[in-house]
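Note: the block below is work.txt and it holds compact mmCIF, C-alpha atoms (C1' of nucleotides).
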# COMPACT_ATOMS: atom_id res chain seq x y z
CA MET A 1 -6.14 -26.22 20.57
CA THR A 2 -8.07 -27.21 17.49
CA LYS A 3 -6.58 -27.50 14.04
CA ALA A 4 -8.12 -24.20 13.04
CA GLU A 5 -6.63 -22.42 16.03
CA LYS A 6 -3.22 -23.80 15.17
CA THR A 7 -3.63 -22.71 11.56
CA ARG A 8 -4.72 -19.29 12.67
CA ASP A 9 -1.63 -18.92 14.80
CA PHE A 10 0.49 -20.25 11.98
CA ILE A 11 -0.89 -17.69 9.55
CA VAL A 12 -0.35 -14.88 12.02
CA GLU A 13 3.18 -15.99 12.79
CA ARG A 14 4.14 -16.15 9.15
CA THR A 15 2.47 -12.94 8.03
CA ALA A 16 3.33 -10.75 11.04
CA PRO A 17 6.82 -9.85 9.76
CA ILE A 18 5.43 -9.13 6.30
CA PHE A 19 2.83 -6.70 7.59
CA ASN A 20 5.52 -5.11 9.73
CA MET A 21 7.78 -4.61 6.73
CA LYS A 22 5.35 -3.83 3.93
CA GLY A 23 2.53 -2.23 5.85
CA TYR A 24 -1.19 -2.83 5.46
CA ALA A 25 -1.71 -1.62 1.89
CA GLY A 26 1.60 -3.09 0.79
CA THR A 27 0.77 -6.60 1.95
CA SER A 28 -1.43 -8.54 -0.45
CA LEU A 29 -3.43 -11.72 -0.09
CA ASN A 30 -0.91 -13.23 -2.45
CA ASP A 31 1.86 -12.36 0.02
CA ILE A 32 -0.13 -14.11 2.72
CA THR A 33 -0.72 -17.29 0.74
CA ALA A 34 2.92 -17.34 -0.41
CA ALA A 35 4.24 -16.95 3.14
CA THR A 36 2.00 -19.67 4.54
CA GLY A 37 1.81 -22.10 1.64
CA LEU A 38 -1.96 -22.05 2.11
CA THR A 39 -4.67 -21.03 -0.32
CA LYS A 40 -7.06 -18.14 -0.12
CA GLY A 41 -9.84 -20.51 0.85
CA SER A 42 -7.88 -21.55 3.90
CA ILE A 43 -7.01 -17.99 4.87
CA TYR A 44 -10.64 -16.91 4.60
CA GLY A 45 -11.74 -20.00 6.45
CA ASN A 46 -9.82 -18.69 9.45
CA PHE A 47 -10.15 -14.92 9.04
CA ALA A 48 -13.05 -12.80 7.87
CA ASN A 49 -10.86 -10.53 5.77
CA LYS A 50 -7.42 -9.01 5.35
CA ASP A 51 -8.11 -6.55 8.14
CA GLU A 52 -8.49 -9.33 10.67
CA VAL A 53 -5.17 -10.83 9.64
CA ALA A 54 -3.45 -7.45 9.88
CA LEU A 55 -4.90 -6.72 13.30
CA ALA A 56 -3.91 -10.15 14.59
CA ALA A 57 -0.45 -9.69 13.09
CA PHE A 58 -0.02 -6.39 14.90
CA ASP A 59 -1.07 -7.98 18.18
CA HIS A 60 1.44 -10.75 17.59
CA ASN A 61 4.27 -8.33 16.84
CA LEU A 62 3.39 -6.16 19.80
CA HIS A 63 3.14 -9.10 22.17
CA HIS A 64 6.57 -10.25 21.03
CA ASN A 65 7.99 -6.87 22.03
CA VAL A 66 6.12 -6.55 25.28
CA SER A 67 7.00 -10.00 26.54
CA GLN A 68 10.69 -9.45 25.86
CA ILE A 69 10.55 -6.12 27.63
CA GLU A 70 8.74 -7.44 30.66
CA ALA A 71 11.26 -10.28 30.91
CA GLU A 72 14.16 -7.84 30.77
CA LEU A 73 12.56 -5.49 33.29
CA ASN A 74 12.48 -8.36 35.76
CA ASN A 75 16.26 -8.68 35.50
CA HIS A 76 16.68 -5.29 37.14
CA SER A 77 15.73 -4.14 40.60
CA SER A 78 16.45 -0.43 40.43
CA ILE A 79 14.12 1.90 38.57
CA LYS A 80 16.92 3.33 36.48
CA GLY A 81 18.01 -0.17 35.61
CA LYS A 82 14.50 -0.96 34.46
CA LEU A 83 14.35 2.18 32.34
CA LEU A 84 17.69 1.31 30.77
CA ALA A 85 16.37 -2.17 30.01
CA TYR A 86 14.24 -0.70 27.22
CA VAL A 87 17.42 0.30 25.44
CA SER A 88 18.90 -3.18 25.44
CA VAL A 89 15.66 -4.87 24.42
CA TYR A 90 15.10 -2.58 21.47
CA GLN A 91 18.72 -2.87 20.48
CA SER A 92 18.32 -6.64 20.25
CA PHE A 93 15.51 -6.17 17.75
CA PHE A 94 17.71 -5.00 14.95
CA VAL A 95 21.25 -5.91 15.88
CA GLY A 96 22.69 -9.28 15.00
CA LYS A 97 19.53 -11.16 14.19
CA ILE A 98 17.40 -11.09 11.08
CA SER A 99 15.34 -7.98 11.04
CA THR A 100 11.59 -8.29 10.87
CA GLY A 101 11.04 -4.69 9.94
CA GLY A 102 11.61 -2.68 13.09
CA CYS A 103 9.26 -1.56 15.84
CA PRO A 104 5.63 -2.49 15.08
CA ILE A 105 4.30 0.48 17.04
CA LEU A 106 6.32 2.94 14.98
CA ASN A 107 5.59 1.18 11.71
CA THR A 108 1.88 0.92 12.35
CA ALA A 109 1.63 4.47 13.66
CA ILE A 110 3.14 5.86 10.48
CA ASP A 111 1.51 3.37 8.15
CA ALA A 112 -2.00 3.58 9.49
CA ASP A 113 -2.39 7.00 11.08
CA ASP A 114 -4.09 8.58 8.08
CA THR A 115 -5.55 5.48 6.48
CA HIS A 116 -6.61 2.67 8.79
CA PRO A 117 -8.48 3.67 11.97
CA ALA A 118 -8.57 0.21 13.54
CA LEU A 119 -4.82 -0.33 13.17
CA ARG A 120 -4.16 3.23 14.24
CA GLU A 121 -6.19 2.62 17.38
CA LYS A 122 -4.09 -0.42 18.23
CA ALA A 123 -0.86 1.52 17.78
CA LEU A 124 -2.26 4.33 19.90
CA LYS A 125 -3.22 1.98 22.71
CA ALA A 126 0.24 0.43 22.59
CA VAL A 127 1.93 3.81 22.97
CA LEU A 128 -0.40 4.85 25.79
CA SER A 129 0.20 1.58 27.58
CA TRP A 130 3.95 1.96 27.16
CA LYS A 131 3.75 5.52 28.44
CA LYS A 132 1.72 4.44 31.44
CA ARG A 133 4.23 1.71 32.25
CA ILE A 134 7.10 4.20 32.29
CA ILE A 135 5.11 6.71 34.29
CA THR A 136 4.53 4.08 36.95
CA LEU A 137 8.24 3.30 37.04
CA VAL A 138 9.18 6.96 37.37
CA GLU A 139 6.62 7.50 40.10
CA GLU A 140 8.07 4.57 41.99
CA GLY A 141 11.53 6.03 41.45
CA ILE A 142 10.45 9.32 42.93
CA LEU A 143 9.00 7.58 45.99
CA ASN A 144 12.28 5.62 46.33
CA LYS A 145 14.26 8.86 46.11
CA GLU A 146 15.97 7.28 43.13
CA ILE A 147 14.57 10.02 40.92
CA LYS A 148 14.33 13.71 41.80
CA ALA A 149 10.80 14.75 42.66
CA ASP A 150 10.80 17.72 40.32
CA TYR A 151 10.71 15.50 37.25
CA ASN A 152 7.39 15.13 35.50
CA PRO A 153 6.80 11.37 35.06
CA GLU A 154 4.72 11.86 31.92
CA GLN A 155 7.40 14.02 30.37
CA VAL A 156 10.08 11.47 31.18
CA ALA A 157 7.97 8.70 29.65
CA LEU A 158 7.32 10.63 26.45
CA THR A 159 10.95 11.63 26.14
CA VAL A 160 12.19 8.06 26.55
CA ILE A 161 9.73 6.73 23.99
CA ALA A 162 10.50 9.51 21.53
CA MET A 163 14.23 8.89 21.69
CA ILE A 164 13.84 5.16 21.26
CA GLU A 165 11.43 5.42 18.33
CA GLY A 166 13.34 8.24 16.69
CA GLY A 167 16.51 6.25 17.22
CA ILE A 168 15.00 3.20 15.58
CA MET A 169 13.98 5.19 12.53
CA ILE A 170 17.42 6.73 12.09
CA SER A 171 19.38 3.56 12.78
CA ARG A 172 17.30 1.41 10.47
CA LEU A 173 17.35 3.99 7.70
CA THR A 174 21.10 4.55 7.91
CA ASN A 175 21.66 0.90 8.71
CA LYS A 176 24.27 1.89 11.29
CA VAL A 177 24.36 0.48 14.79
CA GLU A 178 26.79 3.24 15.71
CA ASN A 179 23.98 5.74 15.27
CA TRP A 180 21.78 3.72 17.57
CA ASN A 181 24.57 3.57 20.12
CA LEU A 182 25.15 7.31 20.03
CA ILE A 183 21.46 8.10 20.48
CA MET A 184 21.10 5.53 23.21
CA ASP A 185 24.15 6.96 24.99
CA SER A 186 22.26 10.25 25.13
CA LEU A 187 19.22 8.45 26.47
CA LYS A 188 21.29 6.63 29.07
CA LYS A 189 22.78 9.93 30.18
CA TYR A 190 19.27 11.37 30.40
CA ILE A 191 18.08 8.47 32.53
CA ASN A 192 21.12 8.56 34.79
CA ASN A 193 20.61 12.28 35.32
CA LEU A 194 17.07 11.73 36.57
CA GLY A 195 18.33 11.23 40.10
CA MET B 196 7.96 27.64 -17.97
CA THR B 197 6.14 25.52 -20.52
CA LYS B 198 2.65 24.20 -20.08
CA ALA B 199 4.01 20.75 -19.35
CA GLU B 200 6.31 22.06 -16.64
CA LYS B 201 3.42 23.85 -15.02
CA THR B 202 1.28 20.73 -15.21
CA ARG B 203 4.11 18.67 -13.76
CA ASP B 204 4.40 21.04 -10.82
CA PHE B 205 0.64 21.06 -10.44
CA ILE B 206 0.51 17.27 -10.30
CA VAL B 207 3.31 17.15 -7.74
CA GLU B 208 1.74 19.84 -5.62
CA ARG B 209 -1.60 18.10 -5.51
CA THR B 210 -0.31 14.57 -4.97
CA ALA B 211 2.50 15.33 -2.51
CA PRO B 212 0.22 15.39 0.55
CA ILE B 213 -1.48 12.20 -0.59
CA PHE B 214 1.78 10.29 -0.90
CA ASN B 215 2.79 11.68 2.48
CA MET B 216 -0.40 10.45 4.09
CA LYS B 217 -1.07 7.17 2.31
CA GLY B 218 2.43 6.12 1.39
CA TYR B 219 3.66 4.74 -1.91
CA ALA B 220 1.68 1.50 -2.07
CA GLY B 221 -1.37 3.18 -0.60
CA THR B 222 -1.55 5.89 -3.23
CA SER B 223 -3.15 4.76 -6.48
CA LEU B 224 -3.22 6.28 -9.94
CA ASN B 225 -6.88 6.88 -9.29
CA ASP B 226 -5.95 8.97 -6.25
CA ILE B 227 -3.65 10.98 -8.49
CA THR B 228 -6.20 11.63 -11.20
CA ALA B 229 -8.86 12.46 -8.62
CA ALA B 230 -6.61 14.95 -6.83
CA THR B 231 -5.59 16.69 -10.04
CA GLY B 232 -8.73 16.41 -12.13
CA LEU B 233 -6.52 15.12 -14.92
CA THR B 234 -6.67 11.81 -16.73
CA LYS B 235 -4.16 9.00 -16.75
CA GLY B 236 -3.04 10.01 -20.20
CA SER B 237 -2.09 13.41 -18.90
CA ILE B 238 -0.28 12.02 -15.88
CA TYR B 239 1.72 9.62 -18.04
CA GLY B 240 2.40 12.36 -20.52
CA ASN B 241 4.32 14.16 -17.78
CA PHE B 242 5.72 11.25 -15.78
CA ALA B 243 7.10 7.91 -16.87
CA ASN B 244 5.37 6.00 -14.10
CA LYS B 245 4.02 6.16 -10.56
CA ASP B 246 7.53 5.97 -9.14
CA GLU B 247 8.52 9.22 -10.78
CA VAL B 248 5.50 10.97 -9.32
CA ALA B 249 6.26 9.58 -5.88
CA LEU B 250 9.90 10.62 -6.03
CA ALA B 251 8.98 14.11 -7.20
CA ALA B 252 6.35 14.32 -4.48
CA PHE B 253 8.90 13.43 -1.84
CA ASP B 254 11.29 16.07 -3.15
CA HIS B 255 8.48 18.59 -3.01
CA ASN B 256 7.54 17.71 0.55
CA LEU B 257 11.15 17.74 1.64
CA HIS B 258 11.86 21.06 -0.02
CA HIS B 259 8.86 22.54 1.74
CA ASN B 260 10.35 21.52 5.07
CA VAL B 261 13.90 22.53 4.30
CA SER B 262 13.01 25.98 3.02
CA GLN B 263 10.94 26.73 6.10
CA ILE B 264 13.75 25.55 8.32
CA GLU B 265 16.41 27.57 6.54
CA ALA B 266 14.20 30.64 6.77
CA GLU B 267 13.72 30.15 10.48
CA LEU B 268 17.43 29.48 11.07
CA ASN B 269 18.16 32.89 9.59
CA ASN B 270 16.02 34.49 12.27
CA HIS B 271 18.49 33.45 14.92
CA SER B 272 22.09 34.45 15.40
CA SER B 273 23.16 32.15 18.22
CA ILE B 274 23.83 28.49 17.61
CA LYS B 275 21.49 27.42 20.36
CA GLY B 276 18.83 29.68 18.89
CA LYS B 277 19.29 28.00 15.53
CA LEU B 278 19.04 24.55 17.07
CA LEU B 279 15.87 25.55 18.87
CA ALA B 280 14.46 26.83 15.59
CA TYR B 281 13.93 23.23 14.46
CA VAL B 282 11.45 22.81 17.27
CA SER B 283 9.29 25.73 16.25
CA VAL B 284 9.34 24.86 12.56
CA TYR B 285 8.30 21.28 13.13
CA GLN B 286 5.67 22.38 15.59
CA SER B 287 4.12 24.57 12.91
CA PHE B 288 3.73 21.54 10.66
CA PHE B 289 0.99 19.95 12.67
CA VAL B 290 -0.36 22.61 14.97
CA GLY B 291 -3.16 24.91 13.87
CA LYS B 292 -3.04 24.32 10.16
CA ILE B 293 -4.39 21.45 8.12
CA SER B 294 -2.12 18.50 8.46
CA THR B 295 -0.58 17.03 5.35
CA GLY B 296 0.46 13.83 7.04
CA GLY B 297 3.47 14.70 9.16
CA CYS B 298 7.19 14.68 8.44
CA PRO B 299 7.96 13.31 4.97
CA ILE B 300 11.35 11.99 6.07
CA LEU B 301 9.82 9.93 8.83
CA ASN B 302 6.91 8.78 6.71
CA THR B 303 9.07 7.78 3.79
CA ALA B 304 11.69 6.13 5.99
CA ILE B 305 9.08 3.88 7.56
CA ASP B 306 7.02 3.41 4.41
CA ALA B 307 9.85 2.62 2.03
CA ASP B 308 12.69 1.16 4.08
CA ASP B 309 11.86 -2.44 3.31
CA THR B 310 10.02 -1.98 0.04
CA HIS B 311 11.14 0.87 -2.19
CA PRO B 312 14.92 1.38 -2.55
CA ALA B 313 14.73 4.63 -4.55
CA LEU B 314 12.42 6.32 -2.04
CA ARG B 315 14.42 4.88 0.83
CA GLU B 316 17.56 6.40 -0.65
CA LYS B 317 15.93 9.81 -0.79
CA ALA B 318 14.84 9.60 2.83
CA LEU B 319 18.33 8.47 3.79
CA LYS B 320 19.97 11.36 2.00
CA ALA B 321 17.57 13.77 3.68
CA VAL B 322 18.46 12.46 7.14
CA LEU B 323 22.18 12.55 6.40
CA SER B 324 21.92 16.09 5.09
CA TRP B 325 19.94 17.13 8.15
CA LYS B 326 22.51 15.47 10.40
CA LYS B 327 25.35 17.20 8.60
CA ARG B 328 23.63 20.56 8.95
CA ILE B 329 23.32 20.15 12.72
CA ILE B 330 26.87 18.88 13.03
CA THR B 331 28.10 22.04 11.33
CA LEU B 332 26.06 24.17 13.72
CA VAL B 333 27.39 22.33 16.77
CA GLU B 334 30.97 22.61 15.53
CA GLU B 335 30.48 26.32 15.09
CA GLY B 336 29.02 26.47 18.59
CA ILE B 337 32.06 24.73 20.01
CA LEU B 338 34.38 27.18 18.26
CA ASN B 339 32.25 30.05 19.62
CA LYS B 340 32.49 28.59 23.13
CA GLU B 341 28.70 28.53 23.01
CA ILE B 342 28.81 24.75 23.33
CA LYS B 343 31.12 22.75 25.55
CA ALA B 344 33.94 21.13 23.60
CA ASP B 345 33.37 17.70 25.12
CA TYR B 346 30.11 17.24 23.23
CA ASN B 347 30.21 15.00 20.18
CA PRO B 348 28.59 16.97 17.32
CA GLU B 349 27.37 13.84 15.58
CA GLN B 350 25.79 12.54 18.76
CA VAL B 351 24.08 15.86 19.36
CA ALA B 352 22.75 15.87 15.80
CA LEU B 353 21.40 12.35 16.04
CA THR B 354 19.84 13.02 19.42
CA VAL B 355 18.07 16.14 18.22
CA ILE B 356 16.72 14.41 15.12
CA ALA B 357 15.60 11.36 17.09
CA MET B 358 13.68 13.44 19.60
CA ILE B 359 11.97 15.49 16.92
CA GLU B 360 10.99 12.49 14.80
CA GLY B 361 9.99 10.40 17.79
CA GLY B 362 8.04 13.38 19.08
CA ILE B 363 6.21 13.75 15.78
CA MET B 364 5.19 10.12 15.78
CA ILE B 365 3.85 10.25 19.34
CA SER B 366 2.11 13.60 18.98
CA ARG B 367 0.43 12.72 15.71
CA LEU B 368 -0.65 9.33 16.96
CA THR B 369 -2.06 10.64 20.21
CA ASN B 370 -3.24 13.81 18.50
CA LYS B 371 -2.09 15.83 21.50
CA VAL B 372 -0.02 19.00 21.21
CA GLU B 373 0.68 18.72 24.92
CA ASN B 374 2.72 15.61 24.24
CA TRP B 375 4.72 17.46 21.61
CA ASN B 376 5.29 20.31 24.05
CA LEU B 377 6.50 18.02 26.80
CA ILE B 378 8.94 16.23 24.52
CA MET B 379 10.16 19.47 23.04
CA ASP B 380 10.65 20.90 26.53
CA SER B 381 13.03 18.02 27.13
CA LEU B 382 14.79 18.78 23.87
CA LYS B 383 15.04 22.48 24.71
CA LYS B 384 16.55 21.59 28.06
CA TYR B 385 19.02 19.30 26.30
CA ILE B 386 20.01 22.05 23.86
CA ASN B 387 20.33 24.66 26.59
CA ASN B 388 22.55 22.31 28.58
CA LEU B 389 24.99 21.98 25.71
CA GLY B 390 26.88 25.02 26.87
C1' DA C 391 -5.07 32.03 -39.93
C1' DT C 392 -2.41 28.00 -40.70
C1' DT C 393 0.28 24.40 -39.29
C1' DA C 394 3.41 21.62 -36.78
C1' DA C 395 4.25 20.21 -32.29
C1' DA C 396 3.08 19.47 -27.67
C1' DA C 397 -0.18 18.16 -24.26
C1' DT C 398 -4.36 15.90 -22.85
C1' DA C 399 -8.32 12.61 -23.17
C1' DT C 400 -10.35 8.26 -24.51
C1' DA C 401 -10.50 3.62 -24.48
C1' DC C 402 -8.38 -0.14 -23.70
C1' DC C 403 -4.68 -3.88 -22.02
C1' DG C 404 -3.27 -7.90 -18.96
C1' DA C 405 -2.38 -8.53 -14.18
C1' DT C 406 -3.57 -8.33 -9.68
C1' DC C 407 -6.58 -6.79 -6.09
C1' DG C 408 -9.73 -8.58 -2.07
C1' DG C 409 -13.26 -11.73 -1.64
C1' DT C 410 -16.57 -15.91 -2.22
C1' DA C 411 -19.36 -20.13 -3.61
C1' DT C 412 -18.65 -24.66 -3.65
C1' DA C 413 -16.39 -28.92 -3.95
C1' DA C 414 -12.87 -31.89 -1.99
C1' DA C 415 -10.27 -33.50 1.79
C1' DG C 416 -9.31 -34.15 6.48
C1' DT C 417 -10.73 -34.70 11.28
C1' DT C 418 -13.28 -36.50 15.10
C1' DA C 419 -16.72 -38.71 17.76
C1' DA C 420 -19.99 -42.50 17.94
C1' DT D 421 -16.34 -47.79 10.06
C1' DT D 422 -19.35 -44.63 9.31
C1' DA D 423 -21.42 -40.24 9.44
C1' DA D 424 -21.37 -35.49 10.84
C1' DC D 425 -18.56 -31.81 10.90
C1' DT D 426 -14.61 -28.93 10.21
C1' DT D 427 -11.03 -27.37 7.47
C1' DT D 428 -8.72 -26.57 3.04
C1' DA D 429 -8.48 -26.26 -2.14
C1' DT D 430 -10.34 -25.02 -6.59
C1' DA D 431 -12.27 -21.99 -9.51
C1' DC D 432 -14.24 -18.09 -10.11
C1' DC D 433 -16.27 -13.02 -9.28
C1' DG D 434 -16.25 -7.89 -10.25
C1' DA D 435 -13.25 -4.12 -9.24
C1' DT D 436 -9.14 -1.95 -9.39
C1' DC D 437 -4.30 -2.03 -10.23
C1' DG D 438 -0.41 0.33 -13.15
C1' DG D 439 0.33 1.24 -17.77
C1' DT D 440 -0.24 2.30 -23.00
C1' DA D 441 -1.72 3.08 -27.99
C1' DT D 442 -4.04 6.30 -30.22
C1' DA D 443 -7.18 9.95 -31.12
C1' DT D 444 -8.37 14.59 -29.93
C1' DT D 445 -7.49 18.97 -28.26
C1' DT D 446 -4.60 22.75 -27.06
C1' DT D 447 -0.56 25.48 -27.50
C1' DA D 448 2.85 28.20 -29.81
C1' DA D 449 5.43 29.75 -33.84
C1' DT D 450 4.99 31.40 -38.49
Could you render the structure from this file as C-alpha cells?
Amino acid sequence: MTKAEKTRDFIVERTAPIFNMKGYAGTSLNDITAATGLTKGSIYGNFANKDEVALAAFDHNLHHNVSQIEAELNNHSSIKGKLLAYVSVYQSFFVGKISTGGCPILNTAIDADDTHPALREKALKAVLSWKKRIITLVEEGILNKEIKADYNPEQVALTVIAMIEGGIMISRLTNKVENWNLIMDSLKKYINNLG
Amino acid sequence: MTKAEKTRDFIVERTAPIFNMKGYAGTSLNDITAATGLTKGSIYGNFANKDEVALAAFDHNLHHNVSQIEAELNNHSSIKGKLLAYVSVYQSFFVGKISTGGCPILNTAIDADDTHPALREKALKAVLSWKKRIITLVEEGILNKEIKADYNPEQVALTVIAMIEGGIMISRLTNKVENWNLIMDSLKKYINNLG
DNA sequence: ATTAAAATATACCGATCGGTATAAAGTTAA
DNA sequence: TTAACTTTATACCGATCGGTATATTTTAAT
C-alpha cells in the first residue's frame, strides 16, 4: 500500500460521512479539505475531481453497511432469522452510536436521482443487489418449507426493503427510536407470518 | 390579490418542482431566475432570501399532496377504503404524468435532516400531521369494529407511512411501476388484514 | 393625466465554488 | 547520499454563489 493509496483511503474515510449527511451538492471542496486537514492540491493529486471522491465515498459507506449485514447474517441459520438480521443491523446504525447520516442507499437515491446519474446508478445497483440477496433467501426458505410457497420472493424483498428504508426516514426525522421499534415490530410480524 | 402576491405565487409555483428535485443546496438563484424568467431583483423584492423561497416551495408541494389526499379520502366511506386511498394518490404522483421529483416529505427529510433545521422542521411537522391523520382514522375504525381493537393505531400509521415512502424511493430509483405495485399489494394486504 | 407607491431590472458586491499550474517537500531505490 | 520520482502545498484561475443598492418601469389611486 503506497502512501498515495493510504491517503486516498484516508480522504474517503473522512469525507464519507460528510457526503452521506450533506449530499453531493451540499459537500464542498472546502468541507473535504477541512475534514482531512489536507489541501486542495493533495485532494486533486489523489482524485480527478469531486465526483470521484463522492463515488468512492458512497462505495465506502455502502461497503460498511454490507459487511455488517453479511456478518450478522452468518450469525443465523434459519432464513427467517437471516431476514430479521437486517432489522438489528440497521437499528445499530442510528441507535446509541454517533450518527453518520443514515442509510447511504436512501440518502443517495433521494439526493442524486434527479441530478447525478453516476451516483444514482450506484444507489440503484445497491438496491438491486440487496433485493437479489433477499430473493435468494426467500427462495431458499420456500425450498426449506420455512416459507409458504405462495409468497412471491420479489414482493417480499421489496416489502422488506421499503419498510426498512421508510422506517429509517421516519425514525431519523422524528429522532425517536420508539418509532423505529414500532415499524420494525410490524416488519418482524410480516417476516414471521411468511411461514 | 396584489401584483406582488401573484408574482410570489408564480415564483413558488415555478420553483417548487426544482427544489423538490434538486434539493435546497442544489437549487441556485440562477435556477430560480431561469425558471421564472424574472431577475434577482424581482425575486428579492418578493422574498427575503433563498430560504424563504425554499420554505414556501415546500409548503406548496406539501399542500399539493395534502389537498389531493383529502379529496380522495372523501371518495371513500369505510376506514379501510380511506387508508387505501393513500396508495392511489401516491401512485398518481409518479405514474403517467410528468414527475416533479417524488414525495416532498421524503425528499426534504433526507435533504435537510442534517443541514437545514427550518426545512427539517417542516418535513417533521408534515410527517407528524400525516401520522396523526392515520391514527384518527384507525381509532375510528376500531370504534366502528372495522379494525380489530388489538391494533396499535400509532404503529399502523407508522407502518403505512414507512411502506409508502420506502416504496416511493425504490420505485423512483428503479423507475419501475411494477415495484410500486408489488409493495403496495403488500400494503393493501396489511390494511385489509386490520379487521 | 398626474403622481406617489409598488414592483422589477440593472449592475454590482465580496465570498465561495470546483479546478489547476507549479513549486516545495517527502519518499524510495540505487 | 544522491537522483529520480511521487506526493503535497501554495497561489492562483474564471465562474458562480447568495445577496444588495439603486435606477427604471409598472401599477394603482386621484
All residues 12 Å or closer to DG409 in chain C, only C-alpha atoms (C1' of nucleotides), same chain fewer than 2 positions away omitted, as a PyMOL selection string: (chain A and resi 29+40-41+43-45+47-50) or (chain C and resi 407+411) or (chain D and resi 432-435)
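What chain A places within 12 Å of chain D, counting only C-alpha atoms (C1' of nucleotides), is Thr2, Lys3, Ala4, Glu5, Lys6, Thr7, Arg8, Gly37, Leu38, Thr39, Lys40, Gly41, Ser42, Ile43, Tyr44, Gly45 and Asn46 of chain A.
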Residues of chain C within 12 Å of chain A, counting only C-alpha atoms (C1' of nucleotides) - could you list those as a PyMOL selection string? chain C and resi 406-413+416-418
Counting only C-alpha atoms, chain A residues within 8 Å of chain B, as a PyMOL selection string: chain A and resi 21-23+25-26+101+106-107+109-111+113-115+120+123-124+127+155+158-159+161-167+169-170+172-174+179+182-183+186
Just the selected residues (C-alpha atoms), exported as a PDB file, in the coordinates of the input, please.
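As written to disk, selection.pdb reads:
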ATOM      1  CA  MET A  21       7.780  -4.610   6.730  1.00  0.00           C
ATOM      2  CA  LYS A  22       5.350  -3.830   3.930  1.00  0.00           C
ATOM      3  CA  GLY A  23       2.530  -2.230   5.850  1.00  0.00           C
ATOM      4  CA  ALA A  25      -1.710  -1.620   1.890  1.00  0.00           C
ATOM      5  CA  GLY A  26       1.600  -3.090   0.790  1.00  0.00           C
ATOM      6  CA  GLY A 101      11.040  -4.690   9.940  1.00  0.00           C
ATOM      7  CA  LEU A 106       6.320   2.940  14.980  1.00  0.00           C
ATOM      8  CA  ASN A 107       5.590   1.180  11.710  1.00  0.00           C
ATOM      9  CA  ALA A 109       1.630   4.470  13.660  1.00  0.00           C
ATOM     10  CA  ILE A 110       3.140   5.860  10.480  1.00  0.00           C
ATOM     11  CA  ASP A 111       1.510   3.370   8.150  1.00  0.00           C
ATOM     12  CA  ASP A 113      -2.390   7.000  11.080  1.00  0.00           C
ATOM     13  CA  ASP A 114      -4.090   8.580   8.080  1.00  0.00           C
ATOM     14  CA  THR A 115      -5.550   5.480   6.480  1.00  0.00           C
ATOM     15  CA  ARG A 120      -4.160   3.230  14.240  1.00  0.00           C
ATOM     16  CA  ALA A 123      -0.860   1.520  17.780  1.00  0.00           C
ATOM     17  CA  LEU A 124      -2.260   4.330  19.900  1.00  0.00           C
ATOM     18  CA  VAL A 127       1.930   3.810  22.970  1.00  0.00           C
ATOM     19  CA  GLN A 155       7.400  14.020  30.370  1.00  0.00           C
ATOM     20  CA  LEU A 158       7.320  10.630  26.450  1.00  0.00           C
ATOM     21  CA  THR A 159      10.950  11.630  26.140  1.00  0.00           C
ATOM     22  CA  ILE A 161       9.730   6.730  23.990  1.00  0.00           C
ATOM     23  CA  ALA A 162      10.500   9.510  21.530  1.00  0.00           C
ATOM     24  CA  MET A 163      14.230   8.890  21.690  1.00  0.00           C
ATOM     25  CA  ILE A 164      13.840   5.160  21.260  1.00  0.00           C
ATOM     26  CA  GLU A 165      11.430   5.420  18.330  1.00  0.00           C
ATOM     27  CA  GLY A 166      13.340   8.240  16.690  1.00  0.00           C
ATOM     28  CA  GLY A 167      16.510   6.250  17.220  1.00  0.00           C
ATOM     29  CA  MET A 169      13.980   5.190  12.530  1.00  0.00           C
ATOM     30  CA  ILE A 170      17.420   6.730  12.090  1.00  0.00           C
ATOM     31  CA  ARG A 172      17.300   1.410  10.470  1.00  0.00           C
ATOM     32  CA  LEU A 173      17.350   3.990   7.700  1.00  0.00           C
ATOM     33  CA  THR A 174      21.100   4.550   7.910  1.00  0.00           C
ATOM     34  CA  ASN A 179      23.980   5.740  15.270  1.00  0.00           C
ATOM     35  CA  LEU A 182      25.150   7.310  20.030  1.00  0.00           C
ATOM     36  CA  ILE A 183      21.460   8.100  20.480  1.00  0.00           C
ATOM     37  CA  SER A 186      22.260  10.250  25.130  1.00  0.00           C
TER      38      SER A 186
END
Separation of CA of Gln68 in chain A and CA of Ile191 in chain A, in Å?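 According to the coordinates, CA of Gln68 in chain A and CA of Ile191 in chain A are separated by 20.5 Å.
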State, in Å with one decimal place, the distance from CA of Asp9 in chain A to CA of Ala35 in chain A.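 According to the coordinates, CA of Asp9 in chain A and CA of Ala35 in chain A are separated by 13.2 Å.
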Between CA of Ile11 in chain A and CA of Val89 in chain A, distance in Å (one decimal):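 Atom-to-atom, CA of Ile11 in chain A to CA of Val89 in chain A, that is 25.7 Å.
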At a cut-off of 12 Å around the point (20.6, 32.0, 14.9) (file coordinates), what residues fall inside when counting all atoms listed in the file? I'd like the answer as a ChimeraX atom specification. /B:264-281,332-333,335-336,341
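The list of residues within 7 Å of (11.0, -8.7, 17.2), counted using only C-alpha atoms (C1' of nucleotides), is Asn61, His64, Asn65, Phe93 and Thr100 of chain A.
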Write a file of the selected residues as a PDB file, in the coordinates of the input, keeping C-alpha atoms.
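As written to disk, selection.pdb reads:
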ATOM      1  CA  ASN A  61       4.270  -8.330  16.840  1.00  0.00           C
ATOM      2  CA  HIS A  64       6.570 -10.250  21.030  1.00  0.00           C
ATOM      3  CA  ASN A  65       7.990  -6.870  22.030  1.00  0.00           C
ATOM      4  CA  PHE A  93      15.510  -6.170  17.750  1.00  0.00           C
ATOM      5  CA  THR A 100      11.590  -8.290  10.870  1.00  0.00           C
TER       6      THR A 100
END
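With distances restricted to all atoms listed in the file, B:Val282 is the closest residue to Lys383 in chain B from B:Pro299, B:Val282, B:Ile342, B:Leu314.
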Distance query range 55-59 of chain A at most 6 Å, only C-alpha atoms (C1' of nucleotides), self and fewer than 4 positions along chain excluded, as JSON, numbers by chain: {"A": [12, 16, 63]}
